[in-house]
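Enquirer: Below is entry06.txt; it holds compact mmCIF, C-alpha atoms.
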```txt
# COMPACT_ATOMS: atom_id res chain seq x y z
CA ALA A 3 -57.61 -306.55 0.31
CA GLY A 4 -55.23 -304.75 2.65
CA VAL A 5 -52.02 -302.77 2.09
CA THR A 6 -50.68 -302.94 -1.47
CA GLY A 7 -47.88 -300.36 -1.34
CA ILE A 8 -45.72 -298.56 1.25
CA ALA A 9 -43.45 -295.62 0.40
CA PRO A 10 -41.49 -293.81 3.15
CA LEU A 11 -40.64 -290.36 1.82
CA PRO A 12 -36.83 -289.92 1.74
CA GLY A 13 -35.49 -287.05 3.79
CA THR A 14 -38.27 -287.09 6.41
CA ASN A 15 -36.56 -289.35 8.95
CA GLY A 16 -39.35 -291.90 8.63
CA LYS A 17 -42.04 -289.40 9.55
CA THR A 18 -43.81 -289.12 6.19
CA VAL A 19 -45.10 -292.39 4.74
CA ILE A 20 -47.55 -293.02 1.91
CA VAL A 21 -49.64 -296.21 1.84
CA THR A 22 -51.97 -297.62 -0.81
CA THR A 23 -54.72 -300.14 -0.08
CA GLY A 24 -56.84 -302.48 -2.18
CA GLY A 25 -60.63 -302.56 -2.44
CA PRO A 26 -63.40 -303.14 -2.67
CA ASN A 27 -64.54 -300.69 0.01
CA PRO A 28 -62.95 -298.80 -1.91
CA GLY A 29 -59.15 -298.65 -1.87
CA LYS A 30 -57.50 -295.50 -0.58
CA ILE A 31 -54.16 -293.68 -0.45
CA TYR A 32 -53.16 -292.73 3.08
CA ARG A 33 -50.48 -290.32 4.29
CA THR A 34 -48.86 -289.76 7.67
CA GLU A 35 -46.45 -286.99 8.70
CA ASN A 36 -45.80 -288.28 12.23
CA GLY A 37 -44.51 -291.78 11.69
CA GLY A 38 -47.93 -293.39 11.74
CA ALA A 39 -49.44 -291.81 14.86
CA THR A 40 -52.22 -290.40 12.68
CA TRP A 41 -53.20 -290.93 9.04
CA ALA A 42 -55.12 -288.86 6.50
CA ILE A 43 -56.74 -290.00 3.25
CA SER A 44 -55.13 -288.20 0.31
CA GLU A 45 -56.91 -289.99 -2.57
CA LEU A 46 -60.34 -291.66 -2.64
CA THR A 47 -62.44 -291.74 -5.79
CA GLY A 48 -64.81 -294.48 -6.97
CA ASP A 49 -64.48 -298.25 -6.82
CA VAL A 50 -60.71 -298.69 -7.08
CA ARG A 51 -58.07 -301.12 -5.89
CA TRP A 52 -54.65 -299.49 -5.66
CA THR A 53 -52.10 -301.99 -6.93
CA SER A 54 -48.69 -300.28 -6.86
CA LEU A 55 -46.85 -297.27 -5.49
CA SER A 56 -43.44 -295.92 -6.52
CA VAL A 57 -41.16 -292.96 -5.69
CA SER A 58 -38.76 -291.16 -8.04
CA PRO A 59 -35.38 -289.53 -7.33
CA LEU A 60 -35.31 -285.80 -6.68
CA THR A 61 -35.59 -283.46 -9.64
CA THR A 62 -33.22 -280.51 -10.06
CA PHE A 63 -36.03 -278.35 -8.62
CA GLY A 64 -36.25 -280.41 -5.43
CA LEU A 65 -39.44 -282.27 -6.36
CA ARG A 66 -39.81 -286.01 -5.81
CA PRO A 67 -42.52 -287.43 -8.12
CA MET A 68 -44.62 -290.30 -6.80
CA TYR A 69 -46.88 -292.62 -8.79
CA ALA A 70 -49.76 -294.91 -7.90
CA ALA A 71 -51.69 -297.30 -10.14
CA ALA A 72 -55.13 -298.82 -9.59
CA ASN A 73 -57.74 -301.08 -11.09
CA GLY A 74 -61.46 -301.46 -10.41
CA SER A 75 -64.80 -302.05 -12.04
CA THR A 76 -64.67 -298.75 -13.95
CA TRP A 77 -61.73 -296.85 -12.48
CA PHE A 78 -58.44 -297.97 -14.00
CA ARG A 79 -55.98 -295.19 -13.37
CA ILE A 80 -52.46 -293.92 -12.83
CA ARG A 81 -51.93 -290.96 -10.51
CA ARG A 82 -48.91 -288.69 -9.93
CA SER A 83 -48.06 -286.61 -6.89
CA LEU A 84 -45.48 -283.81 -6.84
CA ASP A 85 -46.05 -282.69 -3.23
CA GLY A 86 -45.10 -285.75 -1.23
CA GLY A 87 -48.41 -287.55 -1.61
CA LYS A 88 -50.67 -284.72 -0.41
CA THR A 89 -52.51 -284.43 -3.73
CA TRP A 90 -52.70 -286.64 -6.82
CA THR A 91 -53.13 -285.76 -10.50
CA PRO A 92 -54.66 -288.20 -13.03
CA LEU A 93 -52.40 -289.20 -15.92
CA THR A 94 -53.35 -290.36 -19.39
CA LEU A 95 -53.31 -294.15 -19.42
CA PRO A 96 -50.75 -295.79 -21.74
CA SER A 97 -53.40 -298.27 -22.87
CA THR A 98 -57.19 -298.33 -22.82
CA LYS A 99 -57.47 -302.08 -23.44
CA ILE A 100 -59.19 -303.11 -20.22
CA TYR A 101 -61.45 -306.15 -19.85
CA GLU A 102 -61.13 -307.57 -16.33
CA GLU A 103 -61.77 -305.50 -13.22
CA ARG A 104 -59.08 -307.40 -11.31
CA SER A 105 -56.34 -306.65 -13.80
CA GLY A 106 -55.01 -303.31 -14.86
CA PHE A 107 -51.77 -301.41 -14.42
CA SER A 108 -48.60 -301.58 -12.39
CA VAL A 109 -46.21 -298.64 -12.19
CA SER A 110 -42.54 -298.20 -11.24
CA ALA A 111 -40.42 -295.04 -11.22
CA SER A 112 -36.88 -294.86 -12.54
CA LYS A 113 -34.09 -295.15 -9.98
CA VAL A 114 -31.81 -293.00 -12.13
CA LYS A 115 -33.82 -290.25 -13.85
CA PRO A 116 -36.62 -288.41 -12.01
CA ASN A 117 -38.51 -287.69 -15.25
CA VAL A 118 -38.76 -291.38 -16.23
CA VAL A 119 -41.51 -293.77 -15.11
CA PHE A 120 -42.55 -297.20 -16.38
CA ALA A 121 -45.97 -298.85 -16.53
CA MET A 122 -47.26 -302.31 -17.41
CA SER A 123 -50.70 -303.27 -18.71
CA HIS A 124 -51.69 -306.88 -18.25
CA GLU A 125 -54.53 -306.80 -20.76
CA ASP A 126 -52.44 -305.97 -23.80
CA GLY A 127 -49.29 -307.64 -22.41
CA LYS A 128 -47.16 -304.54 -22.83
CA CYS A 129 -44.76 -302.33 -20.91
CA TYR A 130 -44.45 -298.60 -21.43
CA ARG A 131 -41.96 -295.84 -20.67
CA SER A 132 -42.55 -292.14 -20.11
CA ASP A 133 -39.75 -289.57 -20.28
CA ASN A 134 -41.92 -286.66 -19.13
CA PHE A 135 -43.28 -287.65 -15.72
CA GLY A 136 -46.08 -289.81 -17.11
CA SER A 137 -47.57 -287.24 -19.49
CA ASN A 138 -46.91 -289.40 -22.58
CA TRP A 139 -46.00 -293.06 -23.01
CA THR A 140 -43.87 -295.10 -25.44
CA ASP A 141 -44.34 -298.84 -25.97
CA ILE A 142 -41.10 -300.68 -25.05
CA SER A 143 -42.55 -304.20 -25.26
CA ALA A 144 -40.76 -305.41 -28.37
CA GLY A 145 -38.88 -308.58 -27.49
CA ILE A 146 -40.47 -309.22 -24.09
CA PRO A 147 -40.71 -313.00 -23.43
CA ASN A 148 -44.34 -314.01 -23.88
CA TYR A 149 -44.47 -317.72 -24.84
CA MET A 150 -47.32 -317.54 -27.33
CA GLU A 151 -50.06 -320.14 -26.93
CA SER A 152 -53.18 -321.19 -28.77
CA GLY A 153 -56.69 -322.31 -27.87
CA PRO A 154 -59.94 -320.70 -26.74
CA LYS A 155 -58.53 -319.60 -23.37
CA ALA A 156 -55.17 -318.38 -24.65
CA HIS A 157 -54.19 -314.87 -23.61
CA PRO A 158 -53.68 -312.75 -26.76
CA ALA A 159 -50.38 -311.43 -25.40
CA GLY A 160 -49.05 -314.91 -24.61
CA PHE A 161 -48.80 -317.35 -21.73
CA ASN A 162 -46.57 -315.04 -19.69
CA PHE A 163 -49.53 -312.68 -19.13
CA GLY A 164 -52.13 -315.43 -18.67
CA GLN A 165 -52.56 -314.87 -14.93
CA GLY A 166 -52.58 -311.11 -14.99
CA SER A 167 -55.50 -310.71 -12.61
CA TYR A 168 -53.01 -311.38 -9.82
CA ASN A 169 -49.58 -311.86 -11.47
CA TYR A 170 -48.52 -308.45 -12.69
CA HIS A 171 -45.66 -306.86 -10.80
CA LEU A 172 -43.26 -304.16 -11.88
CA THR A 173 -40.16 -302.83 -10.15
CA THR A 174 -37.00 -300.97 -11.09
CA GLY A 175 -33.38 -301.55 -10.16
CA THR A 176 -30.04 -300.34 -11.51
CA TYR A 177 -27.14 -301.69 -13.54
CA ARG A 178 -23.78 -299.93 -13.72
CA VAL A 179 -21.58 -300.14 -16.80
CA VAL A 180 -17.91 -299.35 -16.15
CA THR A 181 -15.27 -298.95 -18.85
CA ALA A 182 -11.70 -297.73 -18.78
CA TRP A 183 -12.94 -294.24 -19.70
CA SER A 184 -16.30 -293.81 -18.00
CA SER A 185 -19.11 -295.29 -15.93
CA GLU A 186 -22.87 -294.99 -16.35
CA THR A 187 -25.81 -296.26 -14.32
CA PHE A 188 -28.86 -297.57 -16.18
CA ASP A 189 -32.34 -298.51 -15.06
CA VAL A 190 -33.29 -302.18 -15.09
CA LEU A 191 -37.04 -302.75 -15.36
CA TYR A 192 -38.26 -306.07 -13.96
CA SER A 193 -41.63 -307.35 -15.19
CA GLY A 194 -43.04 -310.13 -13.02
CA ASN A 195 -45.79 -312.18 -14.59
CA ILE A 196 -45.53 -315.95 -14.82
CA ASP A 197 -41.93 -315.40 -15.92
CA ILE A 198 -39.62 -312.59 -14.80
CA ALA A 199 -38.23 -310.45 -17.60
CA ALA A 200 -35.66 -307.67 -17.33
CA TYR A 201 -35.33 -304.67 -19.64
CA SER A 202 -32.46 -302.19 -19.81
CA GLN A 203 -30.86 -299.87 -22.28
CA ALA A 204 -27.58 -301.21 -20.87
CA TRP A 205 -28.02 -304.38 -22.95
CA GLY A 206 -30.57 -303.10 -25.42
CA GLY A 207 -33.82 -304.91 -24.71
CA TRP A 208 -35.53 -307.71 -22.80
CA ILE A 209 -34.13 -310.92 -21.34
CA SER A 210 -35.76 -313.66 -19.30
CA VAL A 211 -34.34 -313.97 -15.77
CA GLY A 212 -37.02 -316.15 -14.19
CA GLY A 213 -39.12 -319.08 -15.35
CA PRO A 214 -36.66 -320.95 -17.59
CA THR A 215 -34.03 -321.06 -14.84
CA TRP A 216 -36.03 -321.86 -11.69
```
Rewrite the structure of this file - the entire thing - as structure tokens.
Expert:
Amino acid sequence: AGVTGIAPLPGTNGKTVIVTTGGPNPGKIYRTENGGATWAISELTGDVRWTSLSVSPLTTFGLRPMYAAANGSTWFRIRRSLDGGKTWTPLTLPSTKIYEERSGFSVSASKVKPNVVFAMSHEDGKCYRSDNFGSNWTDISAGIPNYMESGPKAHPAGFNFGQGSYNYHLTTGTYRVVTAWSSETFDVLYSGNIDIAAYSQAWGGWISVGGPTW
């Protein structure tokens, strides 16, 4: 596999870019500070396939958290960087239910709050939220469309997660609520499996925005 994630670092005029790659040779995280003239490896450990890369807004202390998720034969992981992708710290996984080496986690940072990050695990068919930069996770999966099925090959989390070895994508957008007295911007978490589901505190849970309407 080739490139799986690209994240230009805001505020660097396109000079600093982080890139994740898939395996199986193994996958790596690369970093450039000169717009791609030269690249350095900033993360390489074991047989991994990096699957997603996401950048947070700035914190009040001027930090911009970054997150990368990976799968592999024995190396499922989520990493966090607080120094622009130079170094990466392992985070506790939100779920340890891992069976297939091609499936694993996807990660997406909040667009609104720098301390918030979301993760999805294909194997247990769940999405998670962290309010402390990925240190702890809360299950937010209640109500996610899953289209339960039966039979010997049925995925335990439902049909929606049945192709999770290659259909598990996660990204974050925003939704603004305006009233006569105030306005507030909320995250919208999009989970792309067979269906597309959207989650936001703006409307209080999950809705389907994909399969049934296309």
Enquirer: Determine, counting all atoms listed in the file, which protein, DNA and RNA residues have an atom within 8 Å of an atom of Leu191 in chain A; residues of the same chain fewer than 4 positions away are not included. Present the result as a list in words.
Expert: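 What passes the distance filter is Phe120, Leu172, Thr173, Thr174, Gly175, Ala200, Tyr201 and Ser202 of chain A.
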Enquirer: Work out how far apart CA of Val118 in chain A and CA of His171 in chain A are and give it in Å to one decimal.
Expert: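 Between CA of Val118 in chain A and CA of His171 in chain A the gap works out to 17.8 Å.
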Enquirer: Choose the residue, out of A:Ala71, A:Ile198, A:Ala204, A:Leu55, that has the smallest atom-to-atom separation from Val21 in chain A; count only C-alpha atoms.
Expert: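 Looking at the shortest contact to Val21 in chain A, the residue is A:Leu55.
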Enquirer: With all atoms listed in the file as the counted atoms, please give the residues lying no more than 8 Å from range 130-134 of chain A, apart from itself and same-chain residues fewer than 2 positions off, as number ranges by chain.
Expert: A: 96, 117-122, 128, 136-143
Enquirer: Between CA of Thr23 in chain A and CA of Leu60 in chain A, what is the distance in Å, rounded to a tenth?
Expert: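 Computing it gives 25.0 Å between the two atoms.
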Enquirer: Can you list, as a CSV table (one decimal) with C-alpha atoms, in the coordinates of the input, every protein, DNA or RNA residue that comes within 9 Å of Gly16 in chain A when you count all atoms listed in the file, leaving out same-chain residues fewer than 4 positions away?
Expert:
```csv
chain,number,residue,atom,x,y,z
A,10,PRO,CA,-41.5,-293.8,3.2
A,11,LEU,CA,-40.6,-290.4,1.8
A,12,PRO,CA,-36.8,-289.9,1.7
A,35,GLU,CA,-46.4,-287.0,8.7
A,36,ASN,CA,-45.8,-288.3,12.2
A,37,GLY,CA,-44.5,-291.8,11.7
```
Enquirer: Please identify all polymer residues within 10 Å of Thr61 in chain A, counting all atoms listed in the file, omitting same-chain residues fewer than 4 positions from it, and present them as a PyMOL selection string.
Expert: chain A and resi 65-67+115-117
Enquirer: Find the residues near Gly207 in chain A: any atom within 8 Å, counting all atoms listed in the file, skip ones fewer than 2 places away on the same chain, and give them as a list in words.
Expert: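 After dropping sequence-adjacent residues, the list is Ala144, Gly145, Ile146, Tyr201, Ser202, Gln203, Trp205 and Ile209 of chain A.
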Enquirer: So, with all atoms listed in the file as the atoms that count, which of A:Cys129, A:Ile31, A:Ala111, A:Val190 lies closest to Tyr177 in chain A?
Expert: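 Distance minimum relative to Tyr177 in chain A lands on A:Val190.
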Enquirer: So which residues are close to (-43.4, -287.0, 4.1), meaning at most 7 Å away in the file's coordinates with only C-alpha atoms counted, and can you show them as a VMD selection string?
Expert: chain A and resid 11 14 17 to 19 35 86
Enquirer: Using Å and a single decimal, report how far CA of Tyr192 in chain A sits from CA of Gly87 in chain A.
Expert: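 Calculated distance between CA of Gly87 in chain A and CA of Tyr192 in chain A is 24.5 Å.
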Enquirer: Counting only C-alpha atoms, which of A:Thr22, A:Thr187, A:Asn195, A:Ser44 gets nearest to Gly127 in chain A?
Expert: A:Asn195
